[in-house]
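**Student:** Here it is, the structure in full.
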Protein chains: 4
Amino acid sequence: MKRSGKVAYQPRPEHHFTFGLWTVGNPGRDPFGEPVRPALSPVAIVRKLAELGAYGVNLHDNDLVPAGSTAAERDRIVREFQQVLAATGMKVPMATTNLFSDPAFRDGAFTSRDARVRAYALQKTLAAIDLGVELGATTYVCWGGRRFALEAKPNEPRGDIFLPTTGHMLAFIYTLDHPEMVGVNPEVAHERMAGLDFSHAVAQALEAGKLFHIDLNGQQVGRFDQDLRFGSDDPKGAFFLVKLLEDAKWPGMRHFDSHAYRTEDEAGVWDFAAGSMRTYLILKEKVERFNADPVIQQLLAEVDGGKSARVSFGELRNMNFDLAALRTRGYAYERLDQLTMELLLGVR
Amino acid sequence: MKRSGKVAYQPRPEHHFTFGLWTVGNPGRDPFGEPVRPALSPVAIVRKLAELGAYGVNLHDNDLVPAGSTAAERDRIVREFQQVLAATGMKVPMATTNLFSDPAFRDGAFTSRDARVRAYALQKTLAAIDLGVELGATTYVCWGGRRFALEAKPNEPRGDIFLPTTGHMLAFIYTLDHPEMVGVNPEVAHERMAGLDFSHAVAQALEAGKLFHIDLNGQQVGRFDQDLRFGSDDPKGAFFLVKLLEDAKWPGMRHFDSHAYRTEDEAGVWDFAAGSMRTYLILKEKVERFNADPVIQQLLAEVDGGKSARVSFGELRNMNFDLAALRTRGYAYERLDQLTMELLLGVR
Amino acid sequence: MKRSGKVAYQPRPEHHFTFGLWTVGNPGRDPFGEPVRPALSPVAIVRKLAELGAYGVNLHDNDLVPAGSTAAERDRIVREFQQVLAATGMKVPMATTNLFSDPAFRDGAFTSRDARVRAYALQKTLAAIDLGVELGATTYVCWGGRRFALEAKPNEPRGDIFLPTTGHMLAFIYTLDHPEMVGVNPEVAHERMAGLDFSHAVAQALEAGKLFHIDLNGQQVGRFDQDLRFGSDDPKGAFFLVKLLEDAKWPGMRHFDSHAYRTEDEAGVWDFAAGSMRTYLILKEKVERFNADPVIQQLLAEVDGGKSARVSFGELRNMNFDLAALRTRGYAYERLDQLTMELLLGVR
Amino acid sequence: MKRSGKVAYQPRPEHHFTFGLWTVGNPGRDPFGEPVRPALSPVAIVRKLAELGAYGVNLHDNDLVPAGSTAAERDRIVREFQQVLAATGMKVPMATTNLFSDPAFRDGAFTSRDARVRAYALQKTLAAIDLGVELGATTYVCWGGRRFALEAKPNEPRGDIFLPTTGHMLAFIYTLDHPEMVGVNPEVAHERMAGLDFSHAVAQALEAGKLFHIDLNGQQVGRFDQDLRFGSDDPKGAFFLVKLLEDAKWPGMRHFDSHAYRTEDEAGVWDFAAGSMRTYLILKEKVERFNADPVIQQLLAEVDGGKSARVSFGELRNMNFDLAALRTRGYAYERLDQLTMELLLGVR
């Protein structure tokens with residue numbers, strides 16, 4: 001397989017890469033510092049992302065329509081946004097609601113102890129779903145329309161957040177009145193904050209038919225929500241995630257929920273966006289190499305110790321096992337992992 | 001409410017306190033050190049726990065019947081164990097299988113890549129269920145019989161364990177052929193290893209009707225599986241857990257899956273066992289005080305901002321909210337938490 | 001020892017409790033939400049803290065003098081602040097510099113790659129030290145004056161911060177030109193973010209004569225910088241910290257570097273401030289009880305196995321040990337810890 | 001620069017790669033499982049490591065001389081070991097003492113509350129130093145002969161270990177009677193358990209002239225001590241570590257303190273050992289590429305914003321800064337990191 005550099009790793013709409021307006025539009029405020037970059041207009045973001053090869057943009061209601069806008073202002077903003085979407089061919093596959101910035105949500109939104117706040121959060125969400133539908137979104141992320149994807153996070157801004165992992169969210173879905181309409185939106189950073197293996201969580205959601213959306217980024221374990229550029233941390237974890245999604249031929253959006261470092265100016269933001277997509281494509285090519293590597297594939301084939309036929313419980317109770325052999329056999333995982341790392345490092 | 005010391009905190013069988021044979025029987029081996037205490041016989045453990053006021057003991061197959069025992073040896077061991085149970089009135093409410101000590105399980109048991117290992121694990125489990133049934137157990141923990149409780153753990157001894165939290169386990173149950181037979185066995189230490197709020201996980205299991213068993217102990221976040229004495233770390237978390245179980249009138253076993261420090265001799269083991277039960281009862285009395293405290297109860301009553309009637313989506317879209325009021329109101333959580341801490345510290 | 005409620009736990013200036021202007025003045029902005037409370041003026045803060053029994057207030061330059069103030073404005077602000085200090089008897093024991101809010105510090109301050117930024121940070125620090133001296137501060141915290149206290153933090157807002165723990169800071173001090181002028185300002189939250197035992201770090205600083213200041217608050221392990229009310233999390237850790245400071249008769253300020261929950265209005269802020277001091281005093285009384293408890297003291301006396309005389313290396317090489325006894329002895333730590341917990345929970 | 005595969009990455013004695021007898025000799029016992037591999041003799045280990053291209057082996061006293069050996073047995077064992085060293089040219093650069101396996105150390109060794117245990121630990125250490133000297137070791141690791149290297153670890157087997165990080169250890173050294181004889185032995189896994197950046201810790205030790213030894217392996221943040229194959233986790237962190245050591249031309253041993261997965265048989269152990277060294281050499285070549293990459297080097301050169309002359313405090317107070325420029329400039333770190341990742345992934 002030949003590496004053809006720029007061409008091989010050039011993002012195109014069929015790759016289904018999407019960004020949130022809030023990601024490339026992030027002005028770099030953090031708990032200790034003021035904004036470091038001017039706000040970018042949604043229209044400018046769409047034009048630039050289209051130029052870089054993205055498929056679409058996602059949004060919270062207030063990313064597009066500022067809080068407190070009149071109905072006329074909202075309609076004008078939406079109309080202009082639809083025009084740039086039409087001009088560039090960009091899509092809005094997903095919409096969501098800002099249920100955290102307003103001080104009214106200081107005790108939570110759907111989970112506030114104040115019933116009025118819960119009602120207001122629901123009203124705001126209905127309006128955001130309407131906006132998403134108007135822009136063509138087919139998935140609503142809830143951190144509604146058609147399909148709802150629940151996004152788990154263990155903590156921050158609260159010390160502990162209800163339903164903290166993708167597992168807890170999946171379990172919660174089965175208790176709903178319409179579980180068939182609801183899935184999950186796992187995020188690399190959120191699962192890694194709790195030190196959990198992200199690919200395992202995504203695999204569980206895939207197996208349950210519940211992977212409706214995904215948030216790609218990077219994160220170090222056990223610290224504040226970093227939302228780093230995809231693949232910039234834990235490239236091995238990122239490789240196995242791309243392998244899982246590509247091997248499963250998952251048709252969903254590759255959505256980047258991350259933002260440029262606070263050190264960056266606007267040029268740095270677009271380096272960040274281009275790098276996110278490029279890294280995904282580099283890892284995708286490595287997955288193809290992994291799947292075509294005869295030594296790696298033979299190690300994988302050998303490890304299972306031979307298939308055993310399915311037997312009844314009665315037969316099983318009387319089965320004899322060569323325990324000495326099972327106790328002393330090796331699985332060659334050190335070699336498999338070393339070959340994987342060498343492939344990842346580009347020396348295989 | 002009067003504190004009556006020894007009497008108030010004396011464990012009795014109706015408190016449903018149970019210990020694993022492997023907990024008080026733990027000889028204190030760790031990854032860096034050899035055993036520090038002689039093994040205690042199962043019969044001796046049962047006698048001493050009965051004396052301390054416990055309700056019963058739980059066991060892995062090999063805690064009672066050593067691996068490699070003949071059928072005749074097994075039957076003799078089981079018969080003698082049933083005799084001490086009868087003599088003391090102690091019960092065996094739960095049984096489980098050791099699927100980790102044998103080198104044959106070096107790549108896992110039910111999840112090994114080797115089909116022969118998976119079959120052997122299943123065979124061993126069937127035998128362990130038979131043993132549990134013979135001893136009267138009604139719950140089988142799988143870390144089945146009648147009711148199966150799945151116990152999640154994020155890592156150790158593997159770097160990442162499949163279905164790492166109680167949430168992931170709950171979600172998995174809904175994908176089974178017989179979800180009604182299966183619940184969870186959450187463990188304080190395992191959820192805390194991942195930095196998650198344990199009471200939230202137990203509440204989710206309770207609400208889903210899936211709390212079949214529970215493992216009480218202590219653990220610091222983000223480190224090796226410590227299995228500390230219940231309440232010795234994070235007493236506030238332990239208090240809210242006892243409050244959840246007691247307020248819900250949960251009828252299950254209060255099982256301690258923990259062990260004495262490696263510094264202890266046998267006397268220290270029994271101090272550990274007695275202290276585990278005593279701390280639960282101390283916290284149970286504090287829950288009663290919390291529920292009867294007029295100031296605390298008034299703060300809780302005031303926080304909800306008034307009940308709002310359930311309305312239709314149409315009505316909701318047209319509802320007006322006093323946003324200024326919602327944005328500026330306080331919730332008095334600092335005061336509530338301070339009062340809770342003072343109650344916990346015994347100065348209220 | 002009698003508990004005399006309100007009187008026993010009433011903070012007074014001789015307790016040396018201090019708060020930062022930025023702590024009770026925190027308007028409740030977080031990474032996902034806008035401010036929820038109006039700013040409180042420094043003068044109002046001083047008056048209210050004096051009323052609550054505090055000894056003094058600490059400040060960053062810009063907590064008192066807004067960035068961009070003219071020299072005349074600065075002088076007026078300082079003069080008015082000195083007047084309220086004089087009127088209330090409140091002190092300013094410590095001053096520090098805001099080297100993080102301004103976008104100019106986006107790549108750090110003293111450690112920025114841009115030499116101009118480093119120079120600007122130094123200039124701003126000199127001015128802040130002048131301000132502190134003018135207000136009577138004897139300690140300058142650097143997260144100098146007279147004494148400089150270095151405050152470590154492992155991460156946030158950067159992914160990794162140089163010299164991440166109190167240990168690294170202590171080691172760094174010995175490499176300076178004037179180590180005798182510099183000490184540390186350990187913070188509960190910062191050490192706990194990395195999962196480290198805070199009392200151990202403080203003890204190391206004390207032993208080295210380097211504990212110049214301390215930041216008291218609460219924090220859960222492995223997550224964003226929470227700055228919770230002192231003692232609201234991990235009361236056992238808080239107890240051992242108070243024990244260390246009081247047993248050592250450490251003369252420094254008990255400074256609370258924390259803030260009220262974002263759910264609180266102004267009344268909640270003052271509940272938070274009062275609760276911080278009250279909890280310290282509750283724990284201080286428990287330390288006295290611990291030190292006077294005959295059973296606890298006897299357990300501590302017994303654990304050391306007898307003093308052994310200091311011997312030469314030659315004698316040591318030929319010494320015989322009763323290894324069997326050393327291998328089987330117990331240390332009664334389970335009992336000691338249970339008694340400590342019962343004392344902490346107010347049932348002993 | 002050409003990649004020449006096998007030749008380029010072939011370990012040779014001049015690379016100074018060393019392994020502990022306890023690493024490749026690890027039989028795969030863990031807290032939940034029995035040993036899975038037979039013990040390898042020290043002599044066999046030396047022969048095989050020499051064949052693989054290592055420079056030497058390191059040892060705890062009891063790795064070579066079993067506890068309880070008579071003086072005559074010890075001398076025979078040492079003599080035979082010296083013969084295989086001579087025959088293979090392998091060195092023993094470092095020695096240490098097992099102060100953790102014996103139940104006598106259940107409450108610690110140098111820090112036990114029992115004075116007799118502290119004396120015994122000291123006696124055992126003196127004998128281990130003698131053994132190391134006899135085998136030619138020049139560094140003694142203390143978790144000395146000539147140089148003593150202190151190894152920090154945050155937790156496990158204890159819940160909290162004194163002097164938990166390399167920073168705390170460095171600070172401790174300055175309080176000793178002979179600080180010039182003592183340095184540190186930082187370990188990747190131990191610093192990562194606490195979520196700290198390992199390269200920062202090593203850089204601080206290097207700058208202080210205190211990097212006497214190093215333990216190379218892999219570890220995920222916030223979990224039990226994994227001791228994974230070097231570079232198998234966090235390859236970016238491993239790259240920056242190799243860069244630091246090679247750029248500093250650090251002359252010390254590249255010691256691997258890690259062990260093969262428990263799934264492995266003996267063949268897997270040697271795959272593990274060979275892979276450890278090979279990955280180091282792969283990363284070393286990438287460091288050379290990074291240092292020679294004109295685009296990367298130009299980005300690094302541009303970031304500093306121009307050197308500024310050192311000025312007096314008086315001049316500094318009057319200096320004017322173009323704050324608008326400092327607030328809006330970008331640092332191009334997203335681009336620099338993307339290029340670094342592409343170099344690391346072998347596509348640059």
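Lettering and numbering for the structure tokens are positional, with chains as A, B, ... in the shown order, residues counted from 1 in each chain, and ligands counted from 1 in the shown order.
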Within 7 Å of chain B, which residues belong to chain A? Use only C-alpha atoms and report them as a PDB file with N, CA, C and O atoms, in the first residue's frame.
**Tutor:**
```pdb
ATOM      1  N   PRO A 103     -27.749  31.740  33.974  1.00  0.00           N
ATOM      2  CA  PRO A 103     -27.778  31.539  35.426  1.00  0.00           C
ATOM      3  C   PRO A 103     -29.044  30.854  35.929  1.00  0.00           C
ATOM      4  O   PRO A 103     -29.029  30.266  37.010  1.00  0.00           O
ATOM      5  N   ALA A 104     -30.127  30.902  35.137  1.00  0.00           N
ATOM      6  CA  ALA A 104     -31.347  30.199  35.555  1.00  0.00           C
ATOM      7  C   ALA A 104     -31.100  28.698  35.703  1.00  0.00           C
ATOM      8  O   ALA A 104     -31.814  28.012  36.435  1.00  0.00           O
ATOM      9  N   ARG A 113     -33.911  21.209  41.092  1.00  0.00           N
ATOM     10  CA  ARG A 113     -34.908  20.978  42.123  1.00  0.00           C
ATOM     11  C   ARG A 113     -36.100  21.914  41.946  1.00  0.00           C
ATOM     12  O   ARG A 113     -37.138  21.724  42.575  1.00  0.00           O
ATOM     13  N   ASP A 114     -35.949  22.979  41.133  1.00  0.00           N
ATOM     14  CA  ASP A 114     -37.015  23.973  40.949  1.00  0.00           C
ATOM     15  C   ASP A 114     -37.853  23.585  39.722  1.00  0.00           C
ATOM     16  O   ASP A 114     -37.358  23.575  38.585  1.00  0.00           O
ATOM     17  N   ALA A 115     -39.140  23.287  39.932  1.00  0.00           N
ATOM     18  CA  ALA A 115     -40.015  22.803  38.855  1.00  0.00           C
ATOM     19  C   ALA A 115     -40.127  23.807  37.719  1.00  0.00           C
ATOM     20  O   ALA A 115     -40.281  23.442  36.547  1.00  0.00           O
ATOM     21  N   ARG A 116     -40.040  25.105  38.056  1.00  0.00           N
ATOM     22  CA  ARG A 116     -40.138  26.133  37.005  1.00  0.00           C
ATOM     23  C   ARG A 116     -38.944  26.065  36.073  1.00  0.00           C
ATOM     24  O   ARG A 116     -39.051  26.260  34.856  1.00  0.00           O
ATOM     25  N   TYR A 120     -38.967  25.416  32.059  1.00  0.00           N
ATOM     26  CA  TYR A 120     -38.296  26.339  31.126  1.00  0.00           C
ATOM     27  C   TYR A 120     -37.294  25.596  30.247  1.00  0.00           C
ATOM     28  O   TYR A 120     -37.178  25.839  29.033  1.00  0.00           O
ATOM     29  N   GLN A 123     -39.200  23.850  27.563  1.00  0.00           N
ATOM     30  CA  GLN A 123     -39.671  24.800  26.546  1.00  0.00           C
ATOM     31  C   GLN A 123     -38.532  25.206  25.605  1.00  0.00           C
ATOM     32  O   GLN A 123     -38.671  25.207  24.376  1.00  0.00           O
ATOM     33  N   PRO A 154     -19.054  12.530  33.399  1.00  0.00           N
ATOM     34  CA  PRO A 154     -18.998  12.183  34.822  1.00  0.00           C
ATOM     35  C   PRO A 154     -19.046  13.371  35.767  1.00  0.00           C
ATOM     36  O   PRO A 154     -19.644  13.296  36.837  1.00  0.00           O
ATOM     37  N   ASP A 160     -20.537  15.875  40.542  1.00  0.00           N
ATOM     38  CA  ASP A 160     -20.969  14.574  40.030  1.00  0.00           C
ATOM     39  C   ASP A 160     -22.199  14.817  39.179  1.00  0.00           C
ATOM     40  O   ASP A 160     -23.115  15.509  39.621  1.00  0.00           O
ATOM     41  N   PHE A 162     -25.475  13.264  37.036  1.00  0.00           N
ATOM     42  CA  PHE A 162     -26.309  12.060  36.957  1.00  0.00           C
ATOM     43  C   PHE A 162     -26.023  11.309  35.665  1.00  0.00           C
ATOM     44  O   PHE A 162     -25.735  11.924  34.640  1.00  0.00           O
ATOM     45  N   GLY A 167     -22.489   3.913  29.665  1.00  0.00           N
ATOM     46  CA  GLY A 167     -23.171   2.740  30.204  1.00  0.00           C
ATOM     47  C   GLY A 167     -24.416   3.114  30.978  1.00  0.00           C
ATOM     48  O   GLY A 167     -25.498   2.535  30.769  1.00  0.00           O
ATOM     49  N   HIS A 168     -24.291   4.078  31.865  1.00  0.00           N
ATOM     50  CA  HIS A 168     -25.458   4.517  32.644  1.00  0.00           C
ATOM     51  C   HIS A 168     -26.543   5.087  31.734  1.00  0.00           C
ATOM     52  O   HIS A 168     -27.739   4.890  31.966  1.00  0.00           O
ATOM     53  N   LEU A 170     -27.082   4.281  28.511  1.00  0.00           N
ATOM     54  CA  LEU A 170     -27.698   3.161  27.787  1.00  0.00           C
ATOM     55  C   LEU A 170     -28.728   2.474  28.676  1.00  0.00           C
ATOM     56  O   LEU A 170     -29.843   2.150  28.234  1.00  0.00           O
ATOM     57  N   ALA A 171     -28.369   2.250  29.936  1.00  0.00           N
ATOM     58  CA  ALA A 171     -29.297   1.590  30.860  1.00  0.00           C
ATOM     59  C   ALA A 171     -30.549   2.430  31.067  1.00  0.00           C
ATOM     60  O   ALA A 171     -31.668   1.916  31.132  1.00  0.00           O
ATOM     61  N   ALA A 194     -13.213   9.709  33.376  1.00  0.00           N
ATOM     62  CA  ALA A 194     -13.418   8.678  34.394  1.00  0.00           C
ATOM     63  C   ALA A 194     -12.437   7.523  34.238  1.00  0.00           C
ATOM     64  O   ALA A 194     -12.557   6.513  34.935  1.00  0.00           O
ATOM     65  N   GLY A 195     -11.475   7.654  33.327  1.00  0.00           N
ATOM     66  CA  GLY A 195     -10.464   6.606  33.160  1.00  0.00           C
ATOM     67  C   GLY A 195     -10.972   5.356  32.475  1.00  0.00           C
ATOM     68  O   GLY A 195     -10.358   4.299  32.581  1.00  0.00           O
ATOM     69  N   LEU A 196     -12.106   5.441  31.762  1.00  0.00           N
ATOM     70  CA  LEU A 196     -12.685   4.265  31.117  1.00  0.00           C
ATOM     71  C   LEU A 196     -12.221   4.147  29.671  1.00  0.00           C
ATOM     72  O   LEU A 196     -11.888   5.135  29.023  1.00  0.00           O
ATOM     73  N   ASP A 197     -12.213   2.910  29.164  1.00  0.00           N
ATOM     74  CA  ASP A 197     -11.822   2.656  27.783  1.00  0.00           C
ATOM     75  C   ASP A 197     -12.958   3.103  26.853  1.00  0.00           C
ATOM     76  O   ASP A 197     -14.072   2.565  26.922  1.00  0.00           O
ATOM     77  N   HIS A 200     -14.503   0.462  24.266  1.00  0.00           N
ATOM     78  CA  HIS A 200     -15.415  -0.506  24.875  1.00  0.00           C
ATOM     79  C   HIS A 200     -16.823   0.073  24.998  1.00  0.00           C
ATOM     80  O   HIS A 200     -17.818  -0.596  24.738  1.00  0.00           O
ATOM     81  N   VAL A 303      -4.921 -17.191  18.263  1.00  0.00           N
ATOM     82  CA  VAL A 303      -5.131 -16.989  19.688  1.00  0.00           C
ATOM     83  C   VAL A 303      -6.325 -17.715  20.260  1.00  0.00           C
ATOM     84  O   VAL A 303      -6.377 -18.014  21.454  1.00  0.00           O
ATOM     85  N   ASP A 304      -7.311 -18.073  19.397  1.00  0.00           N
ATOM     86  CA  ASP A 304      -8.569 -18.560  19.982  1.00  0.00           C
ATOM     87  C   ASP A 304      -8.545 -20.024  20.398  1.00  0.00           C
ATOM     88  O   ASP A 304      -9.519 -20.498  20.978  1.00  0.00           O
ATOM     89  N   GLY A 305      -7.476 -20.732  20.139  1.00  0.00           N
ATOM     90  CA  GLY A 305      -7.369 -22.103  20.643  1.00  0.00           C
ATOM     91  C   GLY A 305      -8.339 -23.067  19.992  1.00  0.00           C
ATOM     92  O   GLY A 305      -8.663 -24.109  20.556  1.00  0.00           O
ATOM     93  N   GLY A 306      -8.836 -22.727  18.828  1.00  0.00           N
ATOM     94  CA  GLY A 306      -9.769 -23.622  18.156  1.00  0.00           C
ATOM     95  C   GLY A 306     -11.189 -23.343  18.582  1.00  0.00           C
ATOM     96  O   GLY A 306     -11.462 -23.106  19.745  1.00  0.00           O
ATOM     97  N   LYS A 307     -12.092 -23.359  17.623  1.00  0.00           N
ATOM     98  CA  LYS A 307     -13.502 -23.126  17.933  1.00  0.00           C
ATOM     99  C   LYS A 307     -14.054 -24.359  18.634  1.00  0.00           C
ATOM    100  O   LYS A 307     -13.689 -25.486  18.334  1.00  0.00           O
ATOM    101  N   SER A 308     -14.944 -24.151  19.593  1.00  0.00           N
ATOM    102  CA  SER A 308     -15.600 -25.315  20.194  1.00  0.00           C
ATOM    103  C   SER A 308     -17.078 -25.244  19.856  1.00  0.00           C
ATOM    104  O   SER A 308     -17.679 -24.184  19.841  1.00  0.00           O
ATOM    105  N   LEU A 316     -21.907 -30.199  28.920  1.00  0.00           N
ATOM    106  CA  LEU A 316     -20.878 -29.346  29.499  1.00  0.00           C
ATOM    107  C   LEU A 316     -20.430 -29.855  30.868  1.00  0.00           C
ATOM    108  O   LEU A 316     -19.228 -29.882  31.179  1.00  0.00           O
ATOM    109  N   ARG A 317     -21.383 -30.274  31.683  1.00  0.00           N
ATOM    110  CA  ARG A 317     -21.049 -30.766  33.022  1.00  0.00           C
ATOM    111  C   ARG A 317     -20.088 -31.940  32.979  1.00  0.00           C
ATOM    112  O   ARG A 317     -19.322 -32.153  33.932  1.00  0.00           O
ATOM    113  N   PHE A 321     -11.374 -31.096  30.465  1.00  0.00           N
ATOM    114  CA  PHE A 321     -10.500 -30.062  29.924  1.00  0.00           C
ATOM    115  C   PHE A 321      -9.053 -30.404  30.213  1.00  0.00           C
ATOM    116  O   PHE A 321      -8.727 -30.906  31.289  1.00  0.00           O
ATOM    117  N   LEU A 323      -6.474 -29.059  31.547  1.00  0.00           N
ATOM    118  CA  LEU A 323      -6.168 -27.863  32.334  1.00  0.00           C
ATOM    119  C   LEU A 323      -4.688 -27.504  32.302  1.00  0.00           C
ATOM    120  O   LEU A 323      -4.322 -26.327  32.295  1.00  0.00           O
ATOM    121  N   LEU A 326      -4.162 -25.439  29.267  1.00  0.00           N
ATOM    122  CA  LEU A 326      -4.772 -24.103  29.374  1.00  0.00           C
ATOM    123  C   LEU A 326      -3.993 -23.205  30.330  1.00  0.00           C
ATOM    124  O   LEU A 326      -3.955 -21.993  30.160  1.00  0.00           O
ATOM    125  N   ARG A 327      -3.379 -23.846  31.322  1.00  0.00           N
ATOM    126  CA  ARG A 327      -2.637 -23.055  32.318  1.00  0.00           C
ATOM    127  C   ARG A 327      -1.282 -22.576  31.805  1.00  0.00           C
ATOM    128  O   ARG A 327      -0.738 -21.613  32.347  1.00  0.00           O
TER     129      ARG A 327
END
```
**Student:** Between CA of Asp225 in chain B and CA of Glu156 in chain B, what is the distance in Å, rounded to a tenth?
**Tutor:** 7.3 Å
**Student:** Quick one: residues within 6 Å of range 240-252 of chain B, only C-alpha atoms, excluding same-chain residues fewer than 3 positions away - as a list of chain:residue names?
**Tutor:**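 My reading of the contact set: B:Ser199, B:Gly237, B:Val287.
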**Student:** CA of Gly89 in chain C to CA of Cys142 in chain C: how many Å, to one decimal?
**Tutor:** 25.9 Å
**Student:** Near His16 in chain B, counting only C-alpha atoms, which residues have an atom at most 8 Å away, once you skip same-chain residues fewer than 3 positions from it, shown as a list in words?
**Tutor:**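 The residues satisfying every condition are Arg12, Pro13, Ala54, Tyr55, Gly56, Gly252, Met253 and Arg254 of chain B.
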**Student:** What would the file look like if the residues just selected were written as a PDB file, in the first residue's frame with N, CA and C atoms?
**Tutor:**
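New file again-v7.pdb:
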```pdb
ATOM      1  N   ARG B  12     -27.477  -7.244  64.956  1.00  0.00           N
ATOM      2  CA  ARG B  12     -28.309  -8.432  65.196  1.00  0.00           C
ATOM      3  C   ARG B  12     -28.704  -9.021  63.838  1.00  0.00           C
ATOM      4  N   PRO B  13     -29.078 -10.312  63.808  1.00  0.00           N
ATOM      5  CA  PRO B  13     -29.397 -10.948  62.519  1.00  0.00           C
ATOM      6  C   PRO B  13     -30.400 -10.173  61.666  1.00  0.00           C
ATOM      7  N   ALA B  54     -23.690 -11.239  63.003  1.00  0.00           N
ATOM      8  CA  ALA B  54     -23.956 -11.249  61.563  1.00  0.00           C
ATOM      9  C   ALA B  54     -25.133 -12.168  61.239  1.00  0.00           C
ATOM     10  N   TYR B  55     -25.697 -11.968  60.040  1.00  0.00           N
ATOM     11  CA  TYR B  55     -26.818 -12.790  59.563  1.00  0.00           C
ATOM     12  C   TYR B  55     -26.329 -13.996  58.776  1.00  0.00           C
ATOM     13  N   GLY B  56     -25.244 -13.822  58.029  1.00  0.00           N
ATOM     14  CA  GLY B  56     -24.816 -14.928  57.192  1.00  0.00           C
ATOM     15  C   GLY B  56     -23.451 -14.732  56.577  1.00  0.00           C
ATOM     16  N   GLY B 252     -32.521  -6.159  50.964  1.00  0.00           N
ATOM     17  CA  GLY B 252     -31.387  -7.049  50.684  1.00  0.00           C
ATOM     18  C   GLY B 252     -30.334  -7.111  51.773  1.00  0.00           C
ATOM     19  N   MET B 253     -29.336  -7.935  51.521  1.00  0.00           N
ATOM     20  CA  MET B 253     -28.236  -8.143  52.446  1.00  0.00           C
ATOM     21  C   MET B 253     -27.292  -6.947  52.452  1.00  0.00           C
ATOM     22  N   ARG B 254     -26.822  -6.558  53.618  1.00  0.00           N
ATOM     23  CA  ARG B 254     -25.754  -5.565  53.742  1.00  0.00           C
ATOM     24  C   ARG B 254     -24.442  -6.351  53.779  1.00  0.00           C
TER      25      ARG B 254
END
```
